[in-house]
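J.: I am sharing target-v1.cif, which consists of mmCIF, C-alpha atoms:
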data_final
loop_
_atom_site.group_PDB
_atom_site.id
_atom_site.type_symbol
_atom_site.label_atom_id
_atom_site.label_comp_id
_atom_site.auth_asym_id
_atom_site.auth_seq_id
_atom_site.Cartn_x
_atom_site.Cartn_y
_atom_site.Cartn_z
ATOM 1 C CA MET L 1 -65.441 112.851 40.561
ATOM 2 C CA ILE L 2 -62.161 110.953 40.302
ATOM 3 C CA ASN L 3 -62.378 107.235 40.935
ATOM 4 C CA PRO L 4 -60.190 106.289 43.985
ATOM 5 C CA PHE L 5 -59.542 102.827 42.501
ATOM 6 C CA LEU L 6 -58.071 104.453 39.367
ATOM 7 C CA ILE L 7 -55.773 106.641 41.462
ATOM 8 C CA THR L 8 -54.626 103.627 43.489
ATOM 9 C CA ALA L 9 -53.893 101.679 40.307
ATOM 10 C CA LEU L 10 -52.009 104.517 38.576
ATOM 11 C CA LEU L 11 -49.956 105.738 41.542
ATOM 12 C CA PRO L 12 -47.344 102.913 41.406
ATOM 13 C CA ILE L 13 -46.907 103.421 37.658
ATOM 14 C CA LEU L 14 -46.352 107.137 38.108
ATOM 15 C CA ALA L 15 -43.847 106.468 40.877
ATOM 16 C CA LEU L 16 -41.890 104.069 38.655
ATOM 17 C CA THR L 17 -41.768 106.469 35.726
ATOM 18 C CA ALA L 18 -40.537 109.236 37.976
ATOM 19 C CA CYS L 19 -37.599 107.049 39.068
ATOM 20 C CA SER L 20 -36.537 105.962 35.607
ATOM 21 C CA GLU L 21 -33.088 106.730 34.304
ATOM 22 C CA LYS L 22 -31.756 106.883 30.797
ATOM 23 C CA VAL L 23 -29.394 104.067 29.811
ATOM 24 C CA THR L 24 -27.097 104.539 26.842
ATOM 25 C CA ILE L 25 -24.660 102.284 25.069
ATOM 26 C CA GLU L 26 -21.327 103.904 24.350
ATOM 27 C CA ASP L 27 -20.335 101.863 21.295
ATOM 28 C CA GLU L 28 -22.379 100.715 18.341
ATOM 29 C CA GLU L 29 -21.548 97.025 18.748
ATOM 30 C CA SER L 30 -24.568 94.819 18.142
ATOM 31 C CA ILE L 31 -25.257 91.722 20.193
ATOM 32 C CA GLY L 32 -27.146 90.192 17.247
ATOM 33 C CA ASP L 33 -30.739 89.697 16.214
ATOM 34 C CA GLU L 34 -33.289 87.351 17.698
ATOM 35 C CA VAL L 35 -35.772 85.968 15.196
ATOM 36 C CA ILE L 36 -38.728 83.944 16.395
ATOM 37 C CA GLN L 37 -40.758 82.435 13.594
ATOM 38 C CA MET L 38 -44.300 81.503 14.527
ATOM 39 C CA ILE L 39 -47.198 80.289 12.444
ATOM 40 C CA MET L 40 -49.714 83.129 12.643
ATOM 41 C CA PRO L 41 -53.283 83.131 11.293
ATOM 42 C CA GLN L 42 -53.986 85.347 8.306
ATOM 43 C CA ASP L 43 -57.644 85.845 7.377
ATOM 44 C CA GLY L 44 -58.671 83.138 9.873
ATOM 45 C CA LYS L 45 -56.207 80.419 8.797
ATOM 46 C CA ALA L 46 -52.530 79.906 9.530
ATOM 47 C CA VAL L 47 -50.267 79.723 6.499
ATOM 48 C CA HIS L 48 -46.951 77.888 6.647
ATOM 49 C CA PRO L 49 -44.436 79.162 4.069
ATOM 50 C CA GLU L 50 -43.585 75.596 2.970
ATOM 51 C CA PHE L 51 -46.675 73.498 3.838
ATOM 52 C CA GLY L 52 -49.470 75.882 2.812
ATOM 53 C CA VAL L 53 -52.790 76.711 4.473
ATOM 54 C CA GLU L 54 -53.832 75.051 7.724
ATOM 55 C CA GLU L 55 -56.645 72.516 7.473
ATOM 56 C CA TRP L 56 -56.700 71.411 11.124
ATOM 57 C CA PHE L 57 -55.695 73.157 14.343
ATOM 58 C CA ALA L 58 -55.545 72.145 18.013
ATOM 59 C CA PHE L 59 -54.133 73.772 21.131
ATOM 60 C CA GLY L 60 -53.871 73.041 24.814
ATOM 61 C CA ALA L 61 -52.422 74.292 28.057
ATOM 62 C CA MET L 62 -49.340 72.593 29.461
ATOM 63 C CA SER L 63 -48.953 72.203 33.213
ATOM 64 C CA GLY L 64 -46.499 70.715 35.655
ATOM 65 C CA VAL L 65 -46.909 67.216 37.069
ATOM 66 C CA GLY L 66 -46.584 66.500 40.771
ATOM 67 C CA GLU L 67 -44.237 68.919 42.522
ATOM 68 C CA LYS L 68 -42.763 70.218 39.239
ATOM 69 C CA ALA L 69 -43.827 73.801 38.482
ATOM 70 C CA ALA L 70 -44.443 74.324 34.765
ATOM 71 C CA ASN L 71 -46.875 76.117 32.469
ATOM 72 C CA GLY L 72 -47.184 76.808 28.803
ATOM 73 C CA VAL L 73 -49.074 76.089 25.612
ATOM 74 C CA ALA L 74 -48.854 73.548 22.782
ATOM 75 C CA GLN L 75 -50.286 74.115 19.299
ATOM 76 C CA ALA L 76 -50.646 71.558 16.508
ATOM 77 C CA TYR L 77 -51.462 72.007 12.834
ATOM 78 C CA VAL L 78 -52.137 69.894 9.752
ATOM 79 C CA PHE L 79 -51.601 71.727 6.472
ATOM 80 C CA GLU L 80 -53.017 71.338 2.987
ATOM 81 C CA ASN L 81 -50.037 69.245 1.824
ATOM 82 C CA GLY L 82 -50.624 66.771 4.711
ATOM 83 C CA SER L 83 -47.721 67.969 6.863
ATOM 84 C CA TYR L 84 -48.037 68.182 10.641
ATOM 85 C CA ALA L 85 -46.458 70.755 12.941
ATOM 86 C CA LEU L 86 -46.356 70.964 16.741
ATOM 87 C CA THR L 87 -45.052 74.017 18.564
ATOM 88 C CA MET L 88 -44.695 74.400 22.311
ATOM 89 C CA GLN L 89 -43.673 77.106 24.713
ATOM 90 C CA LEU L 90 -43.057 75.729 28.203
ATOM 91 C CA ASN L 91 -41.906 77.602 31.284
ATOM 92 C CA ILE L 92 -40.014 75.204 33.530
ATOM 93 C CA GLU L 93 -36.756 75.368 35.462
ATOM 94 C CA PRO L 94 -33.697 74.657 33.290
ATOM 95 C CA ALA L 95 -32.638 71.022 33.171
ATOM 96 C CA ALA L 96 -29.535 70.139 35.193
ATOM 97 C CA ASP L 97 -26.272 69.411 33.386
ATOM 98 C CA GLY L 98 -26.409 66.000 31.719
ATOM 99 C CA THR L 99 -30.213 66.099 31.323
ATOM 100 C CA PHE L 100 -32.754 67.595 28.920
ATOM 101 C CA TYR L 101 -36.512 67.861 28.410
ATOM 102 C CA GLU L 102 -38.146 65.817 25.658
ATOM 103 C CA ALA L 103 -41.700 66.139 24.319
ATOM 104 C CA TRP L 104 -43.847 63.150 23.404
ATOM 105 C CA LEU L 105 -47.114 62.707 21.497
ATOM 106 C CA ILE L 106 -49.198 59.857 22.922
ATOM 107 C CA SER L 107 -51.895 57.727 21.359
ATOM 108 C CA GLU L 108 -54.871 57.489 23.721
ATOM 109 C CA GLU L 109 -55.888 54.176 22.139
ATOM 110 C CA SER L 110 -52.627 52.246 22.048
ATOM 111 C CA GLY L 111 -50.419 54.244 24.414
ATOM 112 C CA ALA L 112 -47.771 54.475 21.668
ATOM 113 C CA LEU L 113 -45.271 57.313 22.101
ATOM 114 C CA ILE L 114 -43.794 59.465 19.344
ATOM 115 C CA SER L 115 -40.853 61.688 20.232
ATOM 116 C CA ALA L 116 -41.419 65.284 19.168
ATOM 117 C CA GLY L 117 -37.842 66.166 20.123
ATOM 118 C CA HIS L 118 -35.830 68.018 22.722
ATOM 119 C CA LEU L 119 -37.058 71.338 24.060
ATOM 120 C CA GLY L 120 -34.698 74.214 23.394
ATOM 121 C CA ASN L 121 -33.673 76.660 26.098
ATOM 122 C CA PHE L 122 -31.873 79.469 24.313
ATOM 123 C CA PHE L 123 -31.691 81.942 27.199
ATOM 124 C CA GLY L 124 -30.716 79.712 30.134
ATOM 125 C CA ASP L 125 -33.894 80.585 32.024
ATOM 126 C CA ALA L 126 -37.370 79.053 32.338
ATOM 127 C CA ARG L 127 -38.385 79.664 28.694
ATOM 128 C CA HIS L 128 -38.269 76.454 26.634
ATOM 129 C CA GLN L 129 -39.444 76.012 23.045
ATOM 130 C CA LEU L 130 -40.182 73.149 20.696
ATOM 131 C CA LYS L 131 -40.863 73.030 16.971
ATOM 132 C CA PHE L 132 -41.667 69.603 15.520
ATOM 133 C CA GLU L 133 -42.561 69.144 11.851
ATOM 134 C CA SER L 134 -43.382 65.931 10.016
ATOM 135 C CA SER L 135 -44.730 64.804 6.654
ATOM 136 C CA GLU L 136 -46.853 62.318 8.667
ATOM 137 C CA ASP L 137 -50.217 63.408 10.108
ATOM 138 C CA PHE L 138 -50.208 63.004 13.910
ATOM 139 C CA SER L 139 -53.526 64.818 14.482
ATOM 140 C CA GLN L 140 -54.971 61.742 16.239
ATOM 141 C CA LEU L 141 -52.319 62.031 18.980
ATOM 142 C CA LEU L 142 -53.795 64.619 21.304
ATOM 143 C CA GLN L 143 -51.891 63.972 24.539
ATOM 144 C CA VAL L 144 -48.586 65.788 24.939
ATOM 145 C CA ARG L 145 -46.097 64.924 27.676
ATOM 146 C CA VAL L 146 -42.682 66.252 28.617
ATOM 147 C CA THR L 147 -40.135 64.068 30.395
ATOM 148 C CA LEU L 148 -36.793 64.861 31.970
ATOM 149 C CA GLU L 149 -34.221 62.640 30.250
ATOM 150 C CA ALA L 150 -30.659 61.691 31.053
ATOM 151 C CA ASP L 151 -28.293 62.542 28.197
ATOM 152 C CA ASP L 152 -27.239 58.897 27.886
ATOM 153 C CA GLY L 153 -28.235 58.081 24.296
ATOM 154 C CA ASN L 154 -31.268 56.007 25.356
ATOM 155 C CA PRO L 155 -34.139 56.867 22.942
ATOM 156 C CA ASP L 156 -36.855 55.485 25.256
ATOM 157 C CA PRO L 157 -38.818 57.878 27.486
ATOM 158 C CA SER L 158 -37.897 58.043 31.150
ATOM 159 C CA GLU L 159 -40.446 57.646 33.927
ATOM 160 C CA ASN L 160 -39.724 61.230 35.019
ATOM 161 C CA LEU L 161 -42.855 63.010 33.712
ATOM 162 C CA VAL L 162 -42.595 66.758 34.414
ATOM 163 C CA ALA L 163 -45.381 68.368 32.310
ATOM 164 C CA GLN L 164 -48.396 67.365 30.281
ATOM 165 C CA GLY L 165 -51.242 68.760 28.255
ATOM 166 C CA GLN L 166 -54.213 67.785 26.106
ATOM 167 C CA LEU L 167 -54.590 69.198 22.605
ATOM 168 C CA ARG L 168 -58.148 70.288 21.750
ATOM 169 C CA PRO L 169 -59.080 70.439 18.056
ATOM 170 C CA THR L 170 -60.596 73.825 17.230
ATOM 171 C CA LYS L 171 -62.332 75.152 14.109
ATOM 172 C CA ARG L 172 -61.314 78.631 13.013
#
Kindly transcribe the structure held in the file into structure tokens.

T.:
Amino acid sequence: MINPFLITALLPILALTACSEKVTIEDEESIGDEVIQMIMPQDGKAVHPEFGVEEWFAFGAMSGVGEKAANGVAQAYVFENGSYALTMQLNIEPAADGTFYEAWLISEESGALISAGHLGNFFGDARHQLKFESSEDFSQLLQVRVTLEADDGNPDPSENLVAQGQLRPTKR
């Protein structure tokens, strides 16, 4: 007997495939290549091409603050040579002209803030990325915040907190 739930689930897919059309490009002009380099585990540990094997790893979900809709993930690593890396993918509306998003690592004990840099938005949509690398070990800074900053040259964080997350150390 055929499961009615299965038929209900597959029917929209079949309808979409029946309506598909073939799209071709007339000339052979390339729009370029997109290369996204990510630190990926190999045999249980991530290996950075410059810093070596991971010795510590933490990750955490990012979410919007207040009325600001945002979601994503942050990942932090310490490698065998002592280097630290933080990567983040954050989905949030693009910053208005004259503003940008900046990520911060926060000390729970002292409240000290370390700038991890500006989030990149290479496609002009909600997808924002960050890659922060340092020879200093920041593994004790487990809070991550994102603020909306005016492009005015002021290096201090604004009060406009738009997203935050908590890194959770994890053994692999």

J.: Between L:Ala96, L:Glu50, L:Val146, L:Arg127, which one has atoms that come closest to Ser158 of chain L, using only C-alpha atoms?

T.: L:Val146

J.: For a quick check of understanding, using all atoms listed in the file, which of L:Gly111, L:Gly117, L:Pro41, L:Gly60 has the smallest distance to Thr147 of chain L?

T.: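 With all atoms listed in the file as the atom set, the closest residue is L:Gly117.
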
J.: Quick one: distance from atom CA of Arg172 of chain L to atom CA of Gln42 of chain L in Å, one decimal?

T.: 11.0 Å

J.: If I take atom CA of Ile92 of chain L and atom CA of Gly124 of chain L, how far is one from the other in Å, to one decimal?

T.: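 That distance, rounded to one decimal, is 10.9 Å.
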
J.: Run the PyMOL selection byres ((chain L and resi 130) around 9) against the file shown and list the residues it catches, as a ChimeraX atom specification.

T.: /L:74,86-90,103,116-120,128-129,131-132

J.: Quick one, how far is atom CA of Leu148 of chain L from atom CA of Ala95 of chain L?

T.: 7.5 Å

J.: I need the residue nearest Ala163 of chain L from this list: L:Met40, L:Ala70, L:Leu142, L:Val47. Use all atoms listed in the file for the distance.

T.: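 The shortest atom-to-atom distance to Ala163 of chain L comes from L:Ala70.
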
J.: Using only C-alpha atoms, find the one residue out of L:Phe122, L:Leu113, L:Gln164, L:Phe51 that sits nearest to Gly82 of chain L.

T.: L:Phe51

J.: Report as a PyMOL selection string all protein, DNA and RNA residues lying within 7 Å of Val144 of chain L, evaluated on all atoms listed in the file, omitting residues in the same chain fewer than 3 positions from it.

T.: chain L and resi 103-106+164-166

J.: In terms of the shortest atom-to-atom distance over all atoms listed in the file, which of L:Thr99, L:Ser134, L:Ser115, L:Thr170 is closest to Asp151 of chain L?

T.: L:Thr99

J.: Under the rule that only C-alpha atoms are counted, which of L:Glu133, L:Glu102, L:Ser83, L:Pro169 is the nearest residue to Glu149 of chain L?

T.: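 Looking at the shortest contact to Glu149 of chain L, the residue is L:Glu102.
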
J.: For segment 140-143 of chain L, what centre and edge lengths in Å (one decimal) does the axis-aligned box get once 6 Å is added on each side of all its listed atoms, as lines of an AutoDock Vina configuration file?

T.:
center_x = -53.4
center_y = 63.2
center_z = 20.4
size_x = 15.1
size_y = 14.9
size_z = 20.3

J.: Please provide the set of residues having any atom within 8 Å of Glu93 of chain L, restricted to only C-alpha atoms, with same-chain residues fewer than 4 positions apart removed, written as JSON, numbers by chain.

T.: {"L": [69, 70, 125, 126]}
